[in-house]
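Here's protein-v4.cif, which has mmCIF, C-alpha atoms:
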```cif
data_final
loop_
_atom_site.label_atom_id
_atom_site.label_comp_id
_atom_site.auth_asym_id
_atom_site.auth_seq_id
_atom_site.Cartn_x
_atom_site.Cartn_y
_atom_site.Cartn_z
CA MET A 209 -27.65 0.82 -55.49
CA LYS A 210 -31.31 1.24 -54.58
CA LEU A 211 -32.08 4.01 -52.08
CA ASP A 212 -34.56 3.91 -49.22
CA PRO A 213 -37.99 4.52 -50.78
CA LEU A 214 -38.84 7.02 -48.04
CA SER A 215 -35.80 9.04 -49.05
CA THR A 216 -36.26 8.92 -52.80
CA ASN A 217 -37.52 12.02 -54.58
CA SER A 218 -39.51 10.08 -57.18
CA MET A 219 -41.30 13.15 -58.57
CA GLN A 220 -38.01 14.97 -59.25
CA LEU A 221 -39.04 17.94 -57.13
CA SER A 222 -36.48 20.41 -55.88
CA ASP A 223 -34.96 19.45 -52.52
CA LEU A 224 -37.03 22.03 -50.65
CA GLN A 225 -40.23 20.97 -52.42
CA ALA A 226 -39.47 17.33 -51.60
CA ILE A 227 -38.86 18.18 -47.93
CA CYS A 228 -42.16 20.06 -47.72
CA SER A 229 -44.16 17.44 -49.62
CA GLU A 230 -47.02 15.74 -47.80
CA ALA A 231 -45.65 12.28 -48.59
CA ASN A 232 -42.25 13.09 -47.06
CA LEU A 233 -43.73 14.71 -43.95
CA ARG A 234 -46.06 11.74 -43.41
CA ALA A 235 -43.13 9.37 -43.81
CA ALA A 236 -41.29 11.39 -41.12
CA CYS A 237 -44.29 11.07 -38.78
CA LEU A 238 -44.50 7.33 -39.51
CA HIS A 239 -40.85 6.85 -38.57
CA LEU A 240 -41.11 8.94 -35.40
CA GLY A 241 -44.32 7.16 -34.45
CA LYS A 242 -42.20 4.13 -33.51
CA LYS A 243 -40.97 6.16 -30.55
CA PHE A 244 -43.71 8.73 -29.94
CA LYS A 245 -47.18 7.22 -29.50
CA VAL A 246 -48.88 10.55 -30.13
CA LEU A 247 -47.75 10.31 -33.77
CA ARG A 248 -49.87 7.18 -34.20
CA ASN A 249 -53.01 9.30 -33.96
CA PRO A 250 -54.16 10.11 -37.56
CA ASN A 251 -55.72 13.45 -36.58
CA PHE A 252 -52.59 14.53 -34.72
CA VAL A 253 -50.41 13.49 -37.68
CA ASP A 254 -52.59 15.54 -40.06
CA ALA A 255 -52.12 18.62 -37.88
CA GLN A 256 -48.34 18.07 -37.58
CA VAL A 257 -47.90 17.59 -41.33
CA GLU A 258 -49.73 20.82 -42.13
CA LYS A 259 -47.91 22.71 -39.38
CA ALA A 260 -44.47 21.49 -40.55
CA ARG A 261 -45.29 22.25 -44.18
CA LYS A 262 -46.22 25.86 -43.38
CA ARG A 263 -43.17 26.38 -41.18
CA LEU A 264 -40.71 24.95 -43.71
CA SER A 265 -42.25 26.95 -46.56
CA SER A 266 -41.85 30.21 -44.66
CA PRO A 267 -38.71 32.30 -45.30
CA ASN A 268 -38.72 33.04 -41.57
CA PHE A 269 -38.49 29.40 -40.49
CA ARG A 270 -36.89 28.92 -37.05
CA LEU A 271 -36.65 26.10 -34.56
CA ARG A 272 -38.81 26.36 -31.46
CA LYS A 273 -37.72 26.26 -27.82
CA THR A 274 -35.78 23.27 -26.50
CA VAL A 275 -35.17 21.66 -23.13
CA LEU A 276 -31.99 20.02 -21.84
CA LYS A 277 -32.05 16.34 -20.97
CA ARG A 278 -29.15 14.79 -19.09
CA ILE A 279 -28.52 11.16 -20.00
CA PRO A 280 -26.21 9.16 -17.66
CA LYS A 281 -23.09 7.71 -19.32
CA GLY A 282 -21.19 4.57 -18.41
CA ASP A 283 -18.31 6.56 -16.90
CA GLY A 284 -20.56 8.30 -14.37
CA THR A 285 -20.83 11.60 -16.28
CA GLU A 286 -23.91 12.90 -18.10
CA ARG A 287 -24.52 13.49 -21.79
CA PRO A 288 -26.47 16.71 -22.55
CA ILE A 289 -29.26 16.00 -25.05
CA HIS A 290 -31.59 18.57 -26.61
CA GLY A 291 -35.26 17.82 -26.17
CA PHE A 292 -37.23 19.15 -29.15
CA GLU A 293 -40.93 19.74 -29.62
CA ILE A 294 -42.69 17.10 -31.73
CA ASN A 295 -43.04 19.36 -34.75
CA ASP A 296 -39.33 20.19 -34.75
CA ARG A 297 -38.60 16.46 -34.67
CA VAL A 298 -40.86 16.02 -37.72
CA VAL A 299 -38.97 18.83 -39.46
CA PHE A 300 -35.53 17.31 -38.71
CA ARG A 301 -36.65 13.89 -39.90
CA ALA A 302 -38.20 15.28 -43.08
CA VAL A 303 -34.98 17.13 -43.93
CA HIS A 304 -32.91 14.04 -43.19
CA GLN A 305 -34.99 11.84 -45.50
CA VAL A 306 -34.41 14.10 -48.49
CA LEU A 307 -30.81 15.17 -47.88
CA TRP A 308 -29.48 11.78 -46.80
CA PRO A 309 -29.31 10.24 -50.31
CA ARG A 310 -27.63 13.41 -51.56
CA LEU A 311 -25.04 13.71 -48.80
CA GLU A 312 -24.37 10.13 -47.71
CA PRO A 313 -22.11 9.36 -50.73
CA ASP A 314 -19.73 12.10 -49.49
CA ILE A 315 -19.00 10.17 -46.27
CA VAL A 316 -15.56 8.50 -46.35
CA ALA A 317 -16.73 4.92 -45.88
CA ALA A 318 -13.19 3.53 -45.62
CA ILE A 319 -12.76 5.39 -42.31
CA ALA A 320 -16.20 6.24 -40.92
CA PHE A 321 -18.04 3.24 -39.44
CA CYS A 322 -21.02 5.21 -38.20
CA THR A 323 -24.20 3.33 -39.05
CA TYR A 324 -25.66 3.96 -42.51
CA LYS A 325 -29.19 3.08 -43.57
CA ALA A 326 -29.82 -0.08 -45.57
CA GLY A 327 -29.99 0.45 -49.30
CA GLY A 328 -27.66 3.45 -49.39
CA TYR A 329 -24.67 4.29 -51.54
CA HIS A 330 -22.32 2.79 -48.95
CA PRO A 331 -22.69 -0.66 -47.38
CA LEU A 332 -24.03 -0.90 -43.85
CA ARG A 333 -21.60 -0.02 -41.11
CA GLY A 334 -21.89 -0.12 -37.34
CA VAL A 335 -20.21 -1.17 -34.11
CA ALA A 336 -19.92 -4.85 -35.07
CA LEU A 337 -18.12 -4.09 -38.33
CA ALA A 338 -15.86 -1.59 -36.56
CA HIS A 339 -14.92 -4.32 -34.09
CA LYS A 340 -14.27 -6.80 -36.91
CA SER A 341 -12.08 -4.32 -38.79
CA VAL A 342 -9.97 -3.73 -35.68
CA SER A 343 -9.81 -7.49 -35.14
CA GLU A 344 -8.57 -8.17 -38.67
CA ALA A 345 -5.97 -5.41 -38.45
CA ARG A 346 -4.58 -6.78 -35.18
CA LYS A 347 -4.19 -10.22 -36.78
CA THR A 348 -1.95 -8.88 -39.53
CA GLY A 349 1.10 -8.08 -37.46
CA GLN A 350 2.80 -6.28 -34.62
CA LEU A 351 1.01 -2.94 -34.81
CA TYR A 352 0.97 -0.16 -32.23
CA VAL A 353 -2.52 1.28 -31.75
CA LEU A 354 -3.24 4.96 -31.23
CA LYS A 355 -6.61 5.01 -29.47
CA THR A 356 -8.23 8.36 -28.89
CA ASP A 357 -11.45 10.33 -29.10
CA ILE A 358 -12.54 13.86 -29.90
CA LYS A 359 -13.38 15.88 -26.81
CA GLY A 360 -17.01 17.02 -26.62
CA PHE A 361 -17.39 16.33 -30.33
CA TYR A 362 -21.00 17.33 -31.03
CA ASN A 363 -20.90 20.39 -28.79
CA LYS A 364 -17.57 21.59 -30.20
CA ILE A 365 -18.50 21.49 -33.89
CA SER A 366 -18.36 24.99 -35.34
CA ARG A 367 -21.75 25.91 -36.78
CA SER A 368 -20.19 28.46 -39.11
CA GLN A 369 -17.78 25.87 -40.54
CA MET A 370 -20.60 23.31 -40.72
CA LEU A 371 -22.66 25.77 -42.74
CA VAL A 372 -19.78 26.29 -45.20
CA ILE A 373 -19.25 22.52 -45.60
CA LEU A 374 -22.95 21.77 -46.17
CA SER A 375 -23.33 24.68 -48.58
CA GLN A 376 -20.41 23.38 -50.64
CA LEU A 377 -21.74 19.82 -50.69
CA LEU A 378 -25.32 20.82 -51.51
CA GLY A 379 -24.30 23.28 -54.21
CA ALA A 380 -27.30 24.93 -55.85
CA SER A 381 -29.87 22.99 -53.80
CA ASP A 382 -32.68 25.22 -52.54
CA ALA A 383 -32.55 23.27 -49.27
CA THR A 384 -29.51 25.32 -48.26
CA ARG A 385 -32.00 28.01 -47.20
CA LEU A 386 -33.00 25.80 -44.27
CA ILE A 387 -29.49 24.94 -43.04
CA PRO A 388 -28.77 28.13 -41.01
CA ALA A 389 -32.06 27.74 -39.16
CA LEU A 390 -31.46 24.01 -38.51
CA LEU A 391 -28.05 24.80 -37.04
CA ASP A 392 -29.29 27.76 -34.96
CA VAL A 393 -30.63 25.71 -32.06
CA PRO A 394 -32.12 27.80 -29.22
CA ILE A 395 -30.39 27.49 -25.87
CA PRO A 396 -32.65 25.74 -23.33
CA MET A 397 -34.06 28.30 -20.90
CA GLN A 398 -34.80 26.00 -17.94
CA ALA A 399 -33.87 27.30 -14.51
CA ASP A 400 -31.43 24.51 -13.58
CA LEU A 401 -29.16 25.10 -16.59
CA SER A 402 -25.63 25.76 -15.30
CA LEU A 403 -23.33 28.42 -16.75
CA ASP A 404 -21.07 25.68 -18.14
CA GLU A 405 -24.02 23.99 -19.86
CA ARG A 406 -25.24 27.29 -21.23
CA GLU A 407 -21.78 28.06 -22.64
CA LEU A 408 -21.48 24.53 -24.04
CA MET A 409 -24.68 24.96 -26.03
CA GLN A 410 -23.71 28.25 -27.64
CA ASP A 411 -22.28 26.28 -30.58
CA GLY A 412 -22.19 22.73 -31.92
CA LEU A 413 -24.76 20.29 -33.25
CA PRO A 414 -27.70 19.22 -31.09
CA GLN A 415 -27.70 15.62 -29.88
CA GLY A 416 -31.27 14.50 -30.35
CA SER A 417 -31.75 15.75 -33.90
CA SER A 418 -32.20 13.35 -36.86
CA THR A 419 -29.82 15.39 -39.00
CA SER A 420 -26.94 15.71 -36.52
CA PRO A 421 -25.28 12.26 -37.03
CA LEU A 422 -25.14 12.81 -40.81
CA PHE A 423 -23.93 16.41 -40.50
CA ALA A 424 -21.31 15.47 -37.89
CA CYS A 425 -19.92 12.74 -40.13
CA LEU A 426 -19.63 15.23 -43.00
CA TYR A 427 -17.92 17.76 -40.73
CA LEU A 428 -14.99 15.33 -40.49
CA ARG A 429 -14.96 14.48 -44.20
CA GLU A 430 -11.64 16.21 -44.99
CA PHE A 431 -10.10 14.76 -41.84
CA ASP A 432 -11.27 11.28 -42.85
CA LEU A 433 -9.83 11.74 -46.35
CA TRP A 434 -6.48 12.62 -44.77
CA LEU A 435 -6.65 9.52 -42.55
CA ALA A 436 -7.44 7.35 -45.57
CA GLY A 437 -4.38 8.79 -47.32
CA LEU A 438 -2.10 7.49 -44.54
CA GLU A 439 -2.71 3.96 -45.88
CA VAL A 440 -2.70 2.40 -42.41
CA PRO A 441 -5.61 0.69 -40.61
CA ALA A 442 -7.86 3.49 -39.32
CA ILE A 443 -11.39 3.29 -37.94
CA ARG A 444 -13.57 6.14 -36.74
CA TYR A 445 -16.92 5.60 -35.04
CA VAL A 446 -18.45 9.04 -34.42
CA ASP A 447 -15.79 10.57 -32.10
CA ASP A 448 -13.83 7.39 -31.28
CA LEU A 449 -10.65 6.80 -33.27
CA VAL A 450 -8.30 3.84 -33.67
CA ILE A 451 -5.26 4.15 -35.95
CA MET A 452 -2.55 1.49 -36.20
CA PHE A 453 1.13 1.98 -37.02
CA PRO A 454 4.18 -0.29 -37.29
CA SER A 455 6.14 1.69 -34.68
CA LEU A 456 5.71 3.70 -31.50
CA THR A 457 7.42 6.68 -33.13
CA ALA A 458 4.90 6.71 -35.98
CA CYS A 459 2.08 6.77 -33.40
CA LEU A 460 3.55 9.75 -31.60
CA VAL A 461 4.09 11.70 -34.82
CA ALA A 462 0.56 10.94 -36.02
CA LYS A 463 -0.92 12.03 -32.70
CA GLU A 464 0.57 15.51 -33.12
CA GLU A 465 -0.64 15.74 -36.71
CA ILE A 466 -4.14 14.60 -35.74
CA GLN A 467 -4.24 17.24 -33.01
CA SER A 468 -3.22 19.92 -35.51
CA ARG A 469 -5.82 18.91 -38.08
CA LEU A 470 -8.57 18.77 -35.47
CA ASN A 471 -7.58 22.23 -34.25
CA ASP A 472 -8.25 23.51 -37.79
CA LEU A 473 -11.82 22.26 -37.29
CA ALA A 474 -12.11 23.91 -33.85
CA LEU A 475 -11.86 20.45 -32.25
CA ASP A 476 -9.48 18.90 -29.75
CA LEU A 477 -8.34 15.44 -28.69
CA ASN A 478 -9.47 14.18 -25.31
CA HIS A 479 -6.20 14.15 -23.37
CA ASN A 480 -7.55 12.00 -20.55
CA PRO A 481 -5.08 9.05 -20.44
CA GLN A 482 -8.05 6.66 -20.35
CA LYS A 483 -9.27 8.14 -23.63
CA THR A 484 -6.05 8.87 -25.51
CA ARG A 485 -3.24 6.36 -25.26
CA ILE A 486 -0.97 4.12 -27.28
CA VAL A 487 -1.60 0.38 -26.95
CA ALA A 488 1.39 -1.91 -27.47
CA PRO A 489 1.06 -4.89 -29.87
CA HIS A 490 0.95 -7.42 -27.01
CA LYS A 491 -1.75 -5.59 -25.02
CA ASP A 492 -5.55 -5.83 -25.21
CA LEU A 493 -7.35 -2.92 -26.85
CA CYS A 494 -10.66 -1.68 -25.44
CA PHE A 495 -12.76 -0.09 -28.18
CA LEU A 496 -16.50 0.67 -28.38
CA GLY A 497 -17.34 -1.49 -25.38
CA SER A 498 -15.31 -4.50 -26.48
CA ARG A 499 -11.86 -5.88 -25.72
CA VAL A 500 -9.83 -6.87 -28.79
CA THR A 501 -6.93 -9.17 -27.93
CA PRO A 502 -3.52 -9.05 -29.69
CA ASN A 503 -4.54 -12.10 -31.79
CA GLY A 504 -7.74 -10.35 -32.89
CA HIS A 505 -10.30 -12.05 -30.64
CA ILE A 506 -13.24 -9.79 -29.76
CA ARG A 507 -14.12 -10.25 -26.10
CA PRO A 508 -16.42 -8.64 -23.49
CA THR A 509 -14.88 -6.09 -21.14
CA MET A 510 -15.06 -6.47 -17.35
CA GLU A 511 -17.62 -3.65 -17.29
CA SER A 512 -19.77 -5.48 -19.82
CA TRP A 513 -19.71 -8.67 -17.73
CA ALA A 514 -20.63 -6.65 -14.63
CA ARG A 515 -23.62 -5.06 -16.37
CA LEU A 516 -24.91 -8.48 -17.41
CA ASP A 517 -24.52 -9.79 -13.85
CA ASN A 518 -26.40 -6.78 -12.45
CA LYS A 519 -29.26 -7.18 -14.95
CA ILE A 520 -29.70 -10.86 -14.06
CA ARG A 521 -29.70 -10.00 -10.35
CA ALA A 522 -32.31 -7.28 -10.94
CA VAL A 523 -34.61 -9.90 -12.52
CA ALA A 524 -33.92 -12.44 -9.76
CA LYS A 525 -34.91 -9.93 -7.05
CA LYS A 526 -38.50 -10.05 -8.37
CA ILE A 527 -38.77 -13.79 -7.77
CA GLY A 528 -41.43 -13.32 -5.08
CA ALA A 529 -43.63 -11.15 -7.29
CA GLU A 530 -43.66 -13.58 -10.24
CA SER A 531 -43.47 -17.32 -10.80
CA ASP A 532 -40.15 -19.15 -11.05
CA ASP A 533 -40.89 -19.97 -14.67
CA GLU A 534 -41.63 -16.34 -15.57
CA SER A 535 -38.49 -15.17 -13.77
CA ALA A 536 -36.42 -17.77 -15.65
CA ARG A 537 -37.93 -16.61 -18.93
CA CYS A 538 -37.03 -12.98 -18.14
CA SER A 539 -33.47 -13.89 -17.16
CA ALA A 540 -33.04 -15.86 -20.38
CA LYS A 541 -34.30 -12.85 -22.33
CA VAL A 542 -31.70 -10.63 -20.62
CA VAL A 543 -28.87 -13.05 -21.40
CA ALA A 544 -30.03 -13.65 -24.98
CA SER A 545 -30.28 -9.90 -25.65
CA TRP A 546 -26.78 -9.34 -24.26
CA MET A 547 -25.33 -12.19 -26.33
CA ASN A 548 -27.15 -11.35 -29.55
CA ALA A 549 -25.77 -7.82 -29.40
CA ARG A 550 -22.33 -9.48 -29.21
CA ARG A 551 -22.84 -12.34 -31.63
CA HIS A 552 -19.67 -11.30 -33.48
CA TYR A 553 -17.61 -11.85 -30.28
CA HIS A 554 -15.32 -14.82 -29.68
CA PHE A 555 -17.17 -16.62 -26.86
CA THR A 556 -15.84 -19.82 -25.31
CA VAL A 557 -17.33 -22.58 -23.16
CA ARG A 558 -15.72 -20.87 -20.18
CA ASP A 559 -17.87 -17.79 -20.88
CA TYR A 560 -21.05 -19.87 -20.79
CA ARG A 561 -19.95 -21.38 -17.50
CA LYS A 562 -19.50 -17.85 -16.20
CA ILE A 563 -23.02 -16.91 -17.30
CA ARG A 564 -24.38 -20.03 -15.64
CA THR A 565 -22.61 -18.97 -12.42
CA PHE A 566 -24.16 -15.48 -12.67
CA ILE A 567 -27.60 -17.07 -12.93
CA SER A 568 -27.03 -19.50 -10.07
CA ASP A 569 -25.60 -16.82 -7.75
CA ALA A 570 -28.42 -14.39 -8.58
CA TYR A 571 -31.05 -16.91 -7.49
CA MET A 572 -29.33 -17.80 -4.21
CA GLY A 573 -31.34 -16.67 -1.20
CA PRO A 574 -32.88 -17.64 2.14
CA PHE A 575 -36.11 -18.82 0.45
CA ILE A 576 -34.48 -20.71 -2.43
CA ASP A 577 -32.90 -24.04 -1.63
CA GLU A 578 -30.33 -25.77 -3.81
CA ARG A 579 -32.91 -27.91 -5.58
CA ARG A 580 -35.12 -24.94 -6.48
CA ASN A 581 -32.06 -22.96 -7.57
CA LEU A 582 -31.03 -25.76 -9.93
CA LYS A 583 -34.54 -25.99 -11.34
CA ILE A 584 -34.62 -22.26 -12.10
CA CYS A 585 -31.14 -22.34 -13.66
CA ASN A 586 -32.13 -25.26 -15.87
CA ALA A 587 -35.26 -23.38 -16.94
CA VAL A 588 -33.17 -20.31 -17.87
CA TRP A 589 -30.81 -22.56 -19.83
CA SER A 590 -33.74 -24.21 -21.62
CA TYR A 591 -35.20 -20.88 -22.66
CA LEU A 592 -31.74 -19.76 -23.82
CA HIS A 593 -31.59 -22.75 -26.18
CA SER A 594 -34.72 -21.43 -27.90
CA ALA A 595 -33.62 -17.78 -27.86
CA ILE A 596 -30.19 -18.28 -29.46
CA GLY A 597 -30.73 -21.57 -31.28
CA HIS A 598 -29.96 -19.86 -34.62
CA ASN A 599 -26.36 -19.39 -33.43
CA GLN A 600 -24.86 -22.85 -33.87
CA LYS A 601 -21.62 -22.08 -32.02
CA ALA A 602 -23.52 -20.66 -29.05
CA LEU A 603 -25.85 -23.67 -29.08
CA ARG A 604 -22.92 -26.11 -28.93
CA CYS A 605 -21.45 -24.24 -25.95
CA LEU A 606 -24.82 -24.27 -24.16
CA GLN A 607 -25.12 -28.00 -24.72
CA MET A 608 -21.59 -28.64 -23.43
CA VAL A 609 -22.27 -26.74 -20.21
CA SER A 610 -25.61 -28.56 -19.86
CA ARG A 611 -23.85 -31.96 -20.09
CA GLU A 612 -21.34 -30.89 -17.44
CA LEU A 613 -24.20 -30.37 -14.99
CA LEU A 614 -25.78 -33.79 -15.51
#
```
Would you mind giving the structure from this file in structure tokens?
Amino acid sequence: MKLDPLSTNSMQLSDLQAICSEANLRAACLHLGKKFKVLRNPNFVDAQVEKARKRLSSPNFRLRKTVLKRIPKGDGTERPIHGFEINDRVVFRAVHQVLWPRLEPDIVAAIAFCTYKAGGYHPLRGVALAHKSVSEARKTGQLYVLKTDIKGFYNKISRSQMLVILSQLLGASDATRLIPALLDVPIPMQADLSLDERELMQDGLPQGSSTSPLFACLYLREFDLWLAGLEVPAIRYVDDLVIMFPSLTACLVAKEEIQSRLNDLALDLNHNPQKTRIVAPHKDLCFLGSRVTPNGHIRPTMESWARLDNKIRAVAKKIGAESDDESARCSAKVVASWMNARRHYHFTVRDYRKIRTFISDAYMGPFIDERRNLKICNAVWSYLHSAIGHNQKALRCLQMVSRELL
């Protein structure tokens, strides 16, 4: 299968030479330029390419200082993310582009549904396919589901074990010289860093590095091979796990074995009952932001519906600062984005009625009478027809709800 041209070592250089090559470093800057505007400046890119080349070629290569960024999570907690200097980001991306085609084939694709790049050894994966796999498995019979996740996965990965695994997989590659330095991430030195955060960052893989998702997936390679050997439906997406068994007893036995095998990797299950639990065959399963029913239908969770409602209301609040038509267009964009991200879900006409109610309620107010409210709702609905017209099932549902309002 054809590999990504940015990742292909067409000149048959050594791995380290390919990483340090001008073409690879410029490709890294081009990719990062989608997010960082400064990397769209040709002069700045020239300087970064030369700087990264010199650093990577040096036997004393080390990562520079980092800062800690705290990203809010859906459950109210915060996810610690490393903030790297631009040149370190170029370095990580350059390494990823060369090592990905070498290491990606070692991922256990039957278990790991983390997203792979197009054109790789394995077919594309992702959240949608993970949902569909769970859906198909639930349709096959009365299966008990062991749902769990790995506690603090990225931060708990042992750097020493990661180094051993990568060295074995890379073999004689001269890129192995860079691995210890890429894993030795400096602890952020900012004043507001708590003792717990400082301790947490003593080990593990940095979230915010281009190489970490690939390395983390490979860290669980032996674990994934064991899961595949169980010959039961099993899906892993990063640190989230779903394994299905014909009996409750089999689930309980497997849970203990999983805990033991993760302990060998210096990892642990998350024992929070909301994170680790056994779902009976007749109960809904919440997984990766979706709700999979016993008959395999993929549905939005209550939290997902609430987020959509809040986003529509946030747009509607700006009604005085922009025209009704522009507000309707923005609301339609919010709804279309939410639905397109869930185009593999099983939506019904009732769901579209619910969305219509969200829109109508959001535009209720002292300065909006019933007639104006209806006009705005119809405008949102009209824009939605254009935004999701490629989805024939969604279009039919929109049309049915539209006829009900005539």
Contacts of A:Glu286 at 12 Å (all atoms listed in the file; same-chain gap of 3+ positions) as a count of residues only: 11
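Evaluated on this file, the PyMOL selection byres ((chain A and resi 539-547) around 8) matches A:Leu516, A:Lys519, A:Ile520, A:Val523, A:Ala524, A:Ser535, A:Ala536, A:Arg537, A:Cys538, A:Asn548, A:Ala549, A:Arg550, A:Arg551, A:Ile567, A:Val588, A:Trp589, A:Tyr591, A:Leu592, A:Ala595, A:Ile596.
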Residue nearest A:Phe431 among A:Asp559, A:Leu332, A:Val316, A:Asp517 (counting all atoms listed in the file): A:Val316
Residues matched by the PyMOL selection byres ((chain A and resi 264) around 12) as number ranges by chain: A: 223-230, 233, 256-263, 265-271, 295-296, 298-300, 302-303, 382-383, 385-387, 389-390
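Among the candidate residues A:Leu311, A:Thr274, A:His290, A:Leu496, the one lying nearest to A:Ser417 is A:His290, with distances computed using only C-alpha atoms.
Restricting the calculation to all atoms listed in the file, the smallest distance between A:Lys463 and any of A:Val353, A:Ala320, A:Leu401, A:Ile443 is found for A:Val353.
Among the candidates A:Met452, A:Val461, A:Val246, A:Val306, the one nearest to A:Asn232 when counting all atoms listed in the file is A:Val306.
Distances here use only C-alpha atoms; by that measure, the residue among A:Leu240, A:Leu391, A:Leu351, A:Ile584 closest to A:Glu534 is A:Ile584.
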Give me, as a CSV table (one decimal) with C-alpha atoms, in the coordinates of the input, all polymer residues having an atom no more than 7 Å from stretch 370-375 of chain A, counting all atoms listed in the file and skipping those fewer than 3 positions away in the same chain.
```csv
chain,number,residue,atom,x,y,z
A,366,SER,CA,-18.4,25.0,-35.3
A,367,ARG,CA,-21.8,25.9,-36.8
A,378,LEU,CA,-25.3,20.8,-51.5
A,379,GLY,CA,-24.3,23.3,-54.2
A,384,THR,CA,-29.5,25.3,-48.3
A,387,ILE,CA,-29.5,24.9,-43.0
A,388,PRO,CA,-28.8,28.1,-41.0
A,427,TYR,CA,-17.9,17.8,-40.7
```
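When atom CA of A:Arg301 is paired with atom CA of A:Cys237, their separation reads 8.2 Å.
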Give me the residues near A:Asp492 as a PDB file with C-alpha atoms, in the frame of the given file, where near means some atom within 9 Å (using all atoms listed in the file) and where sequence neighbours in that chain fewer than 6 positions away do not count.
```pdb
ATOM      1  CA  ARG A 499     -11.860  -5.880 -25.720  1.00  0.00           C
ATOM      2  CA  VAL A 500      -9.830  -6.870 -28.790  1.00  0.00           C
ATOM      3  CA  THR A 501      -6.930  -9.170 -27.930  1.00  0.00           C
ATOM      4  CA  PRO A 502      -3.520  -9.050 -29.690  1.00  0.00           C
TER       5      PRO A 502
END
```
The PyMOL selection byres ((chain A and resi 509) around 6) applied to the shown file, residues as an MDAnalysis selection string: chainID A and resid 498:499 508 510:512
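Put simply, atom CA of A:Arg287 is 15.5 Å away from atom CA of A:Asp448.
The interatomic distance for the pair atom CA of A:Lys347 and atom CA of A:Pro489 works out to 10.2 Å.
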Considering all atoms listed in the file, return as a short mmCIF file (atom, residue, chain, number, x, y, z; two decimals) with C-alpha atoms, in the frame of the given file whatever protein or nucleic-acid residues lie within 10 Å of A:Ala474, sequence-local ones (same chain, fewer than 6 positions apart) excluded.
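Written file, part_11.cif:
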```
data_model
loop_
_atom_site.label_atom_id
_atom_site.label_comp_id
_atom_site.auth_asym_id
_atom_site.auth_seq_id
_atom_site.Cartn_x
_atom_site.Cartn_y
_atom_site.Cartn_z
CA PHE A 361 -17.39 16.33 -30.33
CA LYS A 364 -17.57 21.59 -30.20
CA ILE A 365 -18.50 21.49 -33.89
CA SER A 366 -18.36 24.99 -35.34
CA GLN A 369 -17.78 25.87 -40.54
CA SER A 468 -3.22 19.92 -35.51
#
```
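Only residues having an atom at most 10 Å from (-39.7, 22.6, -25.0) are included; using all atoms listed in the file, these are Arg272, Lys273, Thr274, Val275, Leu276, His290, Gly291, Phe292, Glu293, Ile294, Pro396, Met397 and Gln398 of chain A.
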Please, which residues in stretch 486-591 of chain A fall within 7 Å of stretch 334-346 of chain A when counting all atoms listed in the file, and what is the closest atom pair and distance in Å to one decimal for each, ordered by chain then residue number, as a Markdown table?
```
| residue | atom | partner | partner_atom | distance |
| --- | --- | --- | --- | --- |
| A:Val500 | CA | A:Ser343 | CA | 6.4 |
| A:Pro502 | CA | A:Arg346 | CA | 6.0 |
| A:Asn503 | CA | A:Arg346 | CA | 6.3 |
| A:Gly504 | CA | A:Ser343 | CA | 4.2 |
| A:His505 | CA | A:Ser343 | CA | 6.4 |
| A:Ile506 | CA | A:Ser343 | CA | 6.8 |
| A:His552 | CA | A:Ala336 | CA | 6.6 |
```
Would you put the residues from that selection into a file with C-alpha atoms, as a PDB file, in the coordinates of the input?
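Dumped to result-v4.pdb:
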```pdb
ATOM      1  CA  VAL A 500      -9.830  -6.870 -28.790  1.00  0.00           C
ATOM      2  CA  PRO A 502      -3.520  -9.050 -29.690  1.00  0.00           C
ATOM      3  CA  ASN A 503      -4.540 -12.100 -31.790  1.00  0.00           C
ATOM      4  CA  GLY A 504      -7.740 -10.350 -32.890  1.00  0.00           C
ATOM      5  CA  HIS A 505     -10.300 -12.050 -30.640  1.00  0.00           C
ATOM      6  CA  ILE A 506     -13.240  -9.790 -29.760  1.00  0.00           C
ATOM      7  CA  HIS A 552     -19.670 -11.300 -33.480  1.00  0.00           C
TER       8      HIS A 552
END
```
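The nearest approach to A:Ser568 among the residues A:Arg429, A:Cys585, A:Arg580, A:Tyr553, with only C-alpha atoms taken into account, belongs to A:Cys585.
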Start from the incomplete input, build N, CA, C and O atoms for stretch 419-423 of chain A, and deliver everything as an mmCIF file, keeping the file's coordinate frame.
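Saved file rebuild-v1.cif follows:
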```cif
data_model
loop_
_atom_site.group_PDB
_atom_site.id
_atom_site.type_symbol
_atom_site.label_atom_id
_atom_site.label_comp_id
_atom_site.auth_asym_id
_atom_site.auth_seq_id
_atom_site.Cartn_x
_atom_site.Cartn_y
_atom_site.Cartn_z
ATOM 1 N N THR A 419 -30.831 14.976 -38.022
ATOM 2 C CA THR A 419 -29.820 15.390 -39.000
ATOM 3 C C THR A 419 -28.399 15.413 -38.431
ATOM 4 O O THR A 419 -27.434 15.345 -39.188
ATOM 5 N N SER A 420 -28.258 15.495 -37.115
ATOM 6 C CA SER A 420 -26.940 15.710 -36.520
ATOM 7 C C SER A 420 -25.926 14.594 -36.818
ATOM 8 O O SER A 420 -24.770 14.891 -37.136
ATOM 9 N N PRO A 421 -26.279 13.295 -36.727
ATOM 10 C CA PRO A 421 -25.280 12.260 -37.030
ATOM 11 C C PRO A 421 -24.721 12.373 -38.448
ATOM 12 O O PRO A 421 -23.512 12.219 -38.666
ATOM 13 N N LEU A 422 -25.589 12.655 -39.423
ATOM 14 C CA LEU A 422 -25.140 12.810 -40.810
ATOM 15 C C LEU A 422 -24.257 14.049 -40.954
ATOM 16 O O LEU A 422 -23.173 13.999 -41.540
ATOM 17 N N PHE A 423 -24.708 15.176 -40.399
ATOM 18 C CA PHE A 423 -23.930 16.410 -40.500
ATOM 19 C C PHE A 423 -22.575 16.277 -39.799
ATOM 20 O O PHE A 423 -21.550 16.740 -40.312
#
```
